[in-house]
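For reference, model04.cif (mmCIF, C-alpha atoms):
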data_run
#
loop_
_atom_site.label_atom_id
_atom_site.label_comp_id
_atom_site.auth_asym_id
_atom_site.auth_seq_id
_atom_site.Cartn_x
_atom_site.Cartn_y
_atom_site.Cartn_z
CA MET R 1 -79.76 87.05 87.89
CA ALA R 2 -81.80 90.14 87.03
CA ALA R 3 -84.26 89.70 84.17
CA GLY R 4 -82.79 90.64 80.80
CA LYS R 5 -79.26 91.09 82.14
CA TYR R 6 -76.15 89.18 81.20
CA ARG R 7 -73.29 88.22 83.52
CA ILE R 8 -69.93 88.86 81.90
CA VAL R 9 -66.44 88.00 83.11
CA PHE R 10 -63.53 89.78 81.46
CA THR R 11 -60.10 91.21 82.12
CA LEU R 12 -60.03 94.95 82.74
CA ASN R 13 -56.63 96.61 83.00
CA ASN R 14 -55.04 93.23 83.84
CA THR R 15 -57.57 92.38 86.59
CA GLN R 16 -60.36 89.85 86.19
CA GLU R 17 -63.74 91.51 86.65
CA GLU R 18 -67.38 90.60 86.34
CA ALA R 19 -70.49 92.66 85.79
CA MET R 20 -74.18 92.39 85.06
CA VAL R 21 -74.98 94.24 81.84
CA ASN R 22 -78.09 95.10 79.88
CA PRO R 23 -78.33 93.69 76.35
CA ASP R 24 -78.09 97.18 74.83
CA GLU R 25 -75.38 98.52 77.15
CA VAL R 26 -72.22 99.67 75.40
CA LEU R 27 -68.69 99.24 76.70
CA VAL R 28 -68.03 102.96 77.24
CA ASP R 29 -70.99 103.14 79.62
CA LEU R 30 -69.89 100.01 81.48
CA LEU R 31 -66.39 101.43 81.94
CA ARG R 32 -67.53 104.87 83.06
CA GLU R 33 -70.63 104.07 85.09
CA LYS R 34 -69.92 100.68 86.67
CA PHE R 35 -66.14 100.84 87.00
CA GLY R 36 -65.61 104.62 87.37
CA LEU R 37 -63.01 104.73 84.58
CA THR R 38 -63.78 108.17 83.23
CA GLY R 39 -60.58 108.52 81.20
CA THR R 40 -62.47 106.82 78.39
CA LYS R 41 -64.49 109.77 77.08
CA LYS R 42 -68.00 109.76 75.70
CA GLY R 43 -67.90 111.83 72.56
CA CYS R 44 -70.09 111.32 69.53
CA GLY R 45 -71.58 107.94 70.44
CA ILE R 46 -71.42 106.77 66.81
CA GLY R 47 -67.78 105.75 66.40
CA GLU R 48 -66.60 108.87 64.60
CA CYS R 49 -64.52 110.83 67.13
CA GLY R 50 -62.32 108.21 68.83
CA ALA R 51 -62.61 109.75 72.29
CA CYS R 52 -63.82 106.40 73.64
CA THR R 53 -60.97 104.32 72.17
CA VAL R 54 -59.81 101.36 74.29
CA LEU R 55 -57.77 98.27 73.53
CA LEU R 56 -59.90 95.14 73.14
CA ASP R 57 -57.68 92.08 73.00
CA GLY R 58 -54.85 94.43 72.01
CA LYS R 59 -56.67 96.19 69.17
CA PRO R 60 -57.98 99.78 69.34
CA VAL R 61 -61.78 99.95 69.19
CA ASN R 62 -64.46 102.58 69.69
CA SER R 63 -66.04 101.45 72.96
CA CYS R 64 -69.25 103.31 72.09
CA LEU R 65 -69.85 100.71 69.34
CA ILE R 66 -69.08 97.57 71.36
CA LEU R 67 -71.88 95.87 73.25
CA ALA R 68 -70.71 95.18 76.79
CA ALA R 69 -72.21 91.69 76.68
CA SER R 70 -69.82 90.81 73.83
CA ILE R 71 -66.63 91.32 75.85
CA SER R 72 -67.01 88.28 78.10
CA GLY R 73 -63.74 86.36 78.06
CA LYS R 74 -61.84 89.25 76.48
CA SER R 75 -59.27 91.77 77.68
CA VAL R 76 -59.93 95.51 77.86
CA ILE R 77 -57.23 98.11 78.50
CA THR R 78 -58.24 101.71 79.15
CA ILE R 79 -56.07 104.79 79.55
CA GLU R 80 -56.10 104.11 83.31
CA GLY R 81 -54.49 100.74 82.58
CA LEU R 82 -51.46 102.46 81.03
CA LYS R 83 -50.05 103.84 84.28
CA GLU R 84 -46.76 101.95 84.14
CA GLU R 85 -43.87 102.21 81.73
CA PRO R 86 -43.52 101.89 78.80
CA ALA R 87 -46.79 103.77 78.18
CA GLY R 88 -45.36 106.60 80.27
CA ALA R 89 -43.09 107.48 77.36
CA LEU R 90 -46.17 108.27 75.28
CA ARG R 91 -47.73 110.40 78.01
CA GLU R 92 -44.48 112.27 78.58
CA ALA R 93 -43.99 112.88 74.85
CA PHE R 94 -47.55 114.24 74.53
CA ILE R 95 -46.88 116.67 77.39
CA ARG R 96 -43.38 117.65 76.22
CA GLU R 97 -44.49 118.28 72.63
CA GLY R 98 -47.62 120.25 73.55
CA ALA R 99 -49.85 117.56 72.02
CA VAL R 100 -52.44 118.09 74.75
CA GLN R 101 -54.61 121.14 74.85
CA CYS R 102 -58.19 120.61 75.98
CA GLY R 103 -57.28 116.96 76.62
CA TYR R 104 -60.57 115.43 75.57
CA CYS R 105 -59.08 113.41 72.70
CA THR R 106 -55.82 112.59 74.49
CA PRO R 107 -56.78 109.25 76.09
CA GLY R 108 -58.04 107.89 72.76
CA MET R 109 -54.99 109.23 70.93
CA ILE R 110 -52.61 107.61 73.40
CA ILE R 111 -54.46 104.28 73.24
CA SER R 112 -54.32 104.35 69.41
CA ALA R 113 -50.63 105.30 69.52
CA LYS R 114 -49.88 102.48 71.96
CA ALA R 115 -51.52 99.95 69.64
CA LEU R 116 -49.38 101.26 66.78
CA LEU R 117 -46.15 101.15 68.77
CA ASP R 118 -46.95 97.64 70.00
CA SER R 119 -46.92 96.49 66.37
CA THR R 120 -44.42 98.89 64.75
CA GLN R 121 -41.28 100.02 66.55
CA THR R 122 -40.36 102.90 64.23
CA PRO R 123 -43.49 104.02 62.40
CA SER R 124 -43.36 106.56 59.61
CA ASP R 125 -45.38 109.76 59.89
CA GLU R 126 -47.82 108.23 57.41
CA GLU R 127 -48.26 105.14 59.62
CA ILE R 128 -48.78 107.37 62.66
CA ARG R 129 -51.40 109.46 60.87
CA LYS R 130 -53.19 106.33 59.72
CA ALA R 131 -53.15 104.87 63.26
CA ILE R 132 -54.74 108.00 64.75
CA SER R 133 -57.08 108.65 61.82
CA GLY R 134 -60.05 107.47 63.88
CA ASN R 135 -59.37 110.10 66.55
CA ILE R 136 -60.56 113.66 66.11
CA CYS R 137 -58.67 116.54 67.72
CA ARG R 138 -60.04 120.04 67.39
CA CYS R 139 -57.22 121.84 69.18
CA THR R 140 -53.75 120.77 68.06
CA GLY R 141 -53.94 120.31 64.30
CA TYR R 142 -52.33 116.86 64.69
CA GLY R 143 -48.76 118.01 63.97
CA ARG R 144 -47.74 117.98 67.61
CA ILE R 145 -49.50 114.66 68.18
CA VAL R 146 -47.59 113.04 65.31
CA THR R 147 -44.34 114.50 66.63
CA ALA R 148 -45.07 113.20 70.14
CA ILE R 149 -45.76 109.68 68.88
CA ARG R 150 -42.64 109.74 66.70
CA LYS R 151 -40.51 110.87 69.66
CA ALA R 152 -41.99 108.22 71.96
CA ALA R 153 -41.16 105.62 69.32
CA SER R 154 -37.61 106.94 68.98
CA THR R 155 -36.98 106.41 72.70
CA GLY R 156 -37.68 102.72 72.17
CA GLN R 157 -40.04 102.84 75.14
CA GLY R 158 -43.44 103.23 73.49
CA SER R 159 -44.25 99.53 73.27
CA ASP R 160 -44.61 96.54 75.56
CA LYS R 161 -42.80 94.50 72.90
CA ASP R 162 -39.65 96.52 73.67
CA ARG R 163 -39.88 95.46 77.32
CA GLU R 164 -40.14 91.78 76.29
CA LYS R 165 -36.74 91.98 74.56
CA ASP R 166 -34.91 92.90 77.78
#
Written as structure tokens, that's how I'd like the structure from this file.
Amino acid sequence: MAAGKYRIVFTLNNTQEEAMVNPDEVLVDLLREKFGLTGTKKGCGIGECGACTVLLDGKPVNSCLILAASISGKSVITIEGLKEEPAGALREAFIREGAVQCGYCTPGMIISAKALLDSTQTPSDEEIRKAISGNICRCTGYGRIVTAIRKAASTGQGSDKDREKD
């Protein structure tokens, strides 16, 4: 083991992984630099913009604030881990409703929306706005994003919980 490094074992996008991490290394850097998962964006680095949002044990977190050494034994889902349905309904709704412009905030927005739809099948606009309140978008004005999330929810395909009912 390298001096000052920690060995971690965790689940990344439903696959068990391991890595050697520095004590001050943050999750966003681990994902981007060691695993090549660049969908998780590096934005502000202080937990304000939401571009780095991932699911940690099913909850949306700013990966720029999470020490990589602390994720051992946990599950991380990135935007790349949402390739299959039902998350596709969210992606399609974002595209259809014009909720993507520059695209920098989109992965974090979709991750936050997925967490919401996993817990609330038919969220109100207020619940949607609260769920994405940690994600900054400078292009769309949020209206189209809220509409996209509402439409994904209305299809009944935005959440893994819907799949479990079948």
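Using all atoms listed in the file, the nearest neighbour of Gly45 (chain R) within the list R:Ala152, R:Val100, R:Leu82, R:Cys64 is R:Cys64.
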Applying 9 Å and only C-alpha atoms, which residues near region 74-78 of chain R remain after dropping the ones on its own chain fewer than 3 positions away? List them as a PDB file with C-alpha atoms, in the frame of the given file.
ATOM      1  CA  VAL R   9     -66.440  88.000  83.110  1.00  0.00           C
ATOM      2  CA  PHE R  10     -63.530  89.780  81.460  1.00  0.00           C
ATOM      3  CA  THR R  11     -60.100  91.210  82.120  1.00  0.00           C
ATOM      4  CA  LEU R  12     -60.030  94.950  82.740  1.00  0.00           C
ATOM      5  CA  ASN R  13     -56.630  96.610  83.000  1.00  0.00           C
ATOM      6  CA  ASN R  14     -55.040  93.230  83.840  1.00  0.00           C
ATOM      7  CA  GLN R  16     -60.360  89.850  86.190  1.00  0.00           C
ATOM      8  CA  LEU R  31     -66.390 101.430  81.940  1.00  0.00           C
ATOM      9  CA  LEU R  37     -63.010 104.730  84.580  1.00  0.00           C
ATOM     10  CA  GLY R  39     -60.580 108.520  81.200  1.00  0.00           C
ATOM     11  CA  THR R  40     -62.470 106.820  78.390  1.00  0.00           C
ATOM     12  CA  THR R  53     -60.970 104.320  72.170  1.00  0.00           C
ATOM     13  CA  VAL R  54     -59.810 101.360  74.290  1.00  0.00           C
ATOM     14  CA  LEU R  55     -57.770  98.270  73.530  1.00  0.00           C
ATOM     15  CA  LEU R  56     -59.900  95.140  73.140  1.00  0.00           C
ATOM     16  CA  ASP R  57     -57.680  92.080  73.000  1.00  0.00           C
ATOM     17  CA  GLY R  58     -54.850  94.430  72.010  1.00  0.00           C
ATOM     18  CA  SER R  70     -69.820  90.810  73.830  1.00  0.00           C
ATOM     19  CA  ILE R  71     -66.630  91.320  75.850  1.00  0.00           C
ATOM     20  CA  GLY R  81     -54.490 100.740  82.580  1.00  0.00           C
ATOM     21  CA  LEU R  82     -51.460 102.460  81.030  1.00  0.00           C
ATOM     22  CA  PRO R 107     -56.780 109.250  76.090  1.00  0.00           C
ATOM     23  CA  GLY R 108     -58.040 107.890  72.760  1.00  0.00           C
ATOM     24  CA  ILE R 111     -54.460 104.280  73.240  1.00  0.00           C
TER      25      ILE R 111
END
> Taking into account all atoms listed in the file, which residue in the set R:Leu65, R:Ala19, R:Ile128, R:Leu117 is nearest to Ala89 (chain R)?
Replying inline: R:Leu117
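In this model, the gap between CA of Lys41 (chain R) and CA of Gln121 (chain R) comes to 27.3 Å.
Pairwise distance (CA of Ala131 (chain R), CA of Tyr104 (chain R)) equals 17.8 Å.
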> What gap, in Å, lies between CA of Arg7 (chain R) and CA of Leu30 (chain R)?
Replying inline: 12.4 Å
> Using all atoms listed in the file, which residues sit within 6 Å of region 136-150 of chain R once same-chain residues fewer than 6 positions away are excluded, as a ChimeraX atom specification?
Replying inline: /R:49,93-94,97,99,105
>> Applying 8 Å and only C-alpha atoms, which residues near Lys42 (chain R) remain after dropping the ones on its own chain fewer than 4 positions away? List them as a list in words.
In response: Val28, Ala51, Cys52 and Cys64 of chain R
Complete the atoms of region 92-121 of chain R to N, CA and C atoms and put them out as a compact mmCIF listing (two decimals), in the coordinates of the input.
# COMPACT_ATOMS: atom_id res chain seq x y z
N GLU R 92 -45.50 111.23 78.45
CA GLU R 92 -44.48 112.27 78.58
C GLU R 92 -44.24 112.99 77.26
N ALA R 93 -44.21 112.25 76.16
CA ALA R 93 -43.99 112.88 74.85
C ALA R 93 -45.16 113.79 74.50
N PHE R 94 -46.39 113.38 74.80
CA PHE R 94 -47.55 114.24 74.53
C PHE R 94 -47.44 115.54 75.31
N ILE R 95 -47.02 115.46 76.56
CA ILE R 95 -46.88 116.67 77.39
C ILE R 95 -45.74 117.53 76.86
N ARG R 96 -44.57 116.92 76.67
CA ARG R 96 -43.38 117.65 76.22
C ARG R 96 -43.59 118.36 74.89
N GLU R 97 -44.30 117.72 73.97
CA GLU R 97 -44.49 118.28 72.63
C GLU R 97 -45.71 119.18 72.51
N GLY R 98 -46.43 119.40 73.61
CA GLY R 98 -47.62 120.25 73.55
C GLY R 98 -48.75 119.62 72.76
N ALA R 99 -48.82 118.28 72.78
CA ALA R 99 -49.85 117.56 72.02
C ALA R 99 -51.15 117.44 72.80
N VAL R 100 -51.20 118.07 73.96
CA VAL R 100 -52.44 118.09 74.75
C VAL R 100 -52.87 119.54 74.92
N GLN R 101 -54.08 119.80 74.60
CA GLN R 101 -54.61 121.14 74.85
C GLN R 101 -55.85 120.99 75.73
N CYS R 102 -57.01 120.81 75.13
CA CYS R 102 -58.19 120.61 75.98
C CYS R 102 -58.14 119.25 76.66
N GLY R 103 -57.47 118.27 76.03
CA GLY R 103 -57.28 116.96 76.62
C GLY R 103 -58.37 115.94 76.37
N TYR R 104 -59.45 116.35 75.75
CA TYR R 104 -60.57 115.43 75.57
C TYR R 104 -60.20 114.25 74.67
N CYS R 105 -59.45 114.49 73.64
CA CYS R 105 -59.08 113.41 72.70
C CYS R 105 -57.87 112.63 73.17
N THR R 106 -57.12 113.15 74.12
CA THR R 106 -55.82 112.59 74.49
C THR R 106 -55.86 111.12 74.89
N PRO R 107 -56.78 110.68 75.75
CA PRO R 107 -56.78 109.25 76.09
C PRO R 107 -56.94 108.35 74.86
N GLY R 108 -57.84 108.68 73.97
CA GLY R 108 -58.04 107.89 72.76
C GLY R 108 -56.83 107.93 71.85
N MET R 109 -56.20 109.10 71.74
CA MET R 109 -54.99 109.23 70.93
C MET R 109 -53.87 108.35 71.48
N ILE R 110 -53.68 108.38 72.79
CA ILE R 110 -52.61 107.61 73.40
C ILE R 110 -52.87 106.11 73.26
N ILE R 111 -54.12 105.69 73.42
CA ILE R 111 -54.46 104.28 73.24
C ILE R 111 -54.17 103.86 71.79
N SER R 112 -54.58 104.67 70.82
CA SER R 112 -54.32 104.35 69.41
C SER R 112 -52.82 104.32 69.13
N ALA R 113 -52.09 105.25 69.71
CA ALA R 113 -50.63 105.30 69.52
C ALA R 113 -49.98 104.07 70.15
N LYS R 114 -50.44 103.67 71.31
CA LYS R 114 -49.88 102.48 71.96
C LYS R 114 -50.08 101.25 71.09
N ALA R 115 -51.27 101.10 70.53
CA ALA R 115 -51.52 99.95 69.64
C ALA R 115 -50.56 99.97 68.46
N LEU R 116 -50.32 101.14 67.90
CA LEU R 116 -49.38 101.26 66.78
C LEU R 116 -47.98 100.86 67.22
N LEU R 117 -47.51 101.41 68.33
CA LEU R 117 -46.15 101.15 68.77
C LEU R 117 -45.96 99.71 69.25
N ASP R 118 -47.04 99.05 69.65
CA ASP R 118 -46.95 97.64 70.00
C ASP R 118 -46.69 96.78 68.77
N SER R 119 -47.08 97.28 67.60
CA SER R 119 -46.92 96.49 66.37
C SER R 119 -45.81 97.01 65.46
N THR R 120 -45.41 98.27 65.63
CA THR R 120 -44.42 98.89 64.75
C THR R 120 -43.47 99.73 65.60
N GLN R 121 -42.23 99.31 65.68
CA GLN R 121 -41.28 100.02 66.55
C GLN R 121 -40.93 101.42 66.07
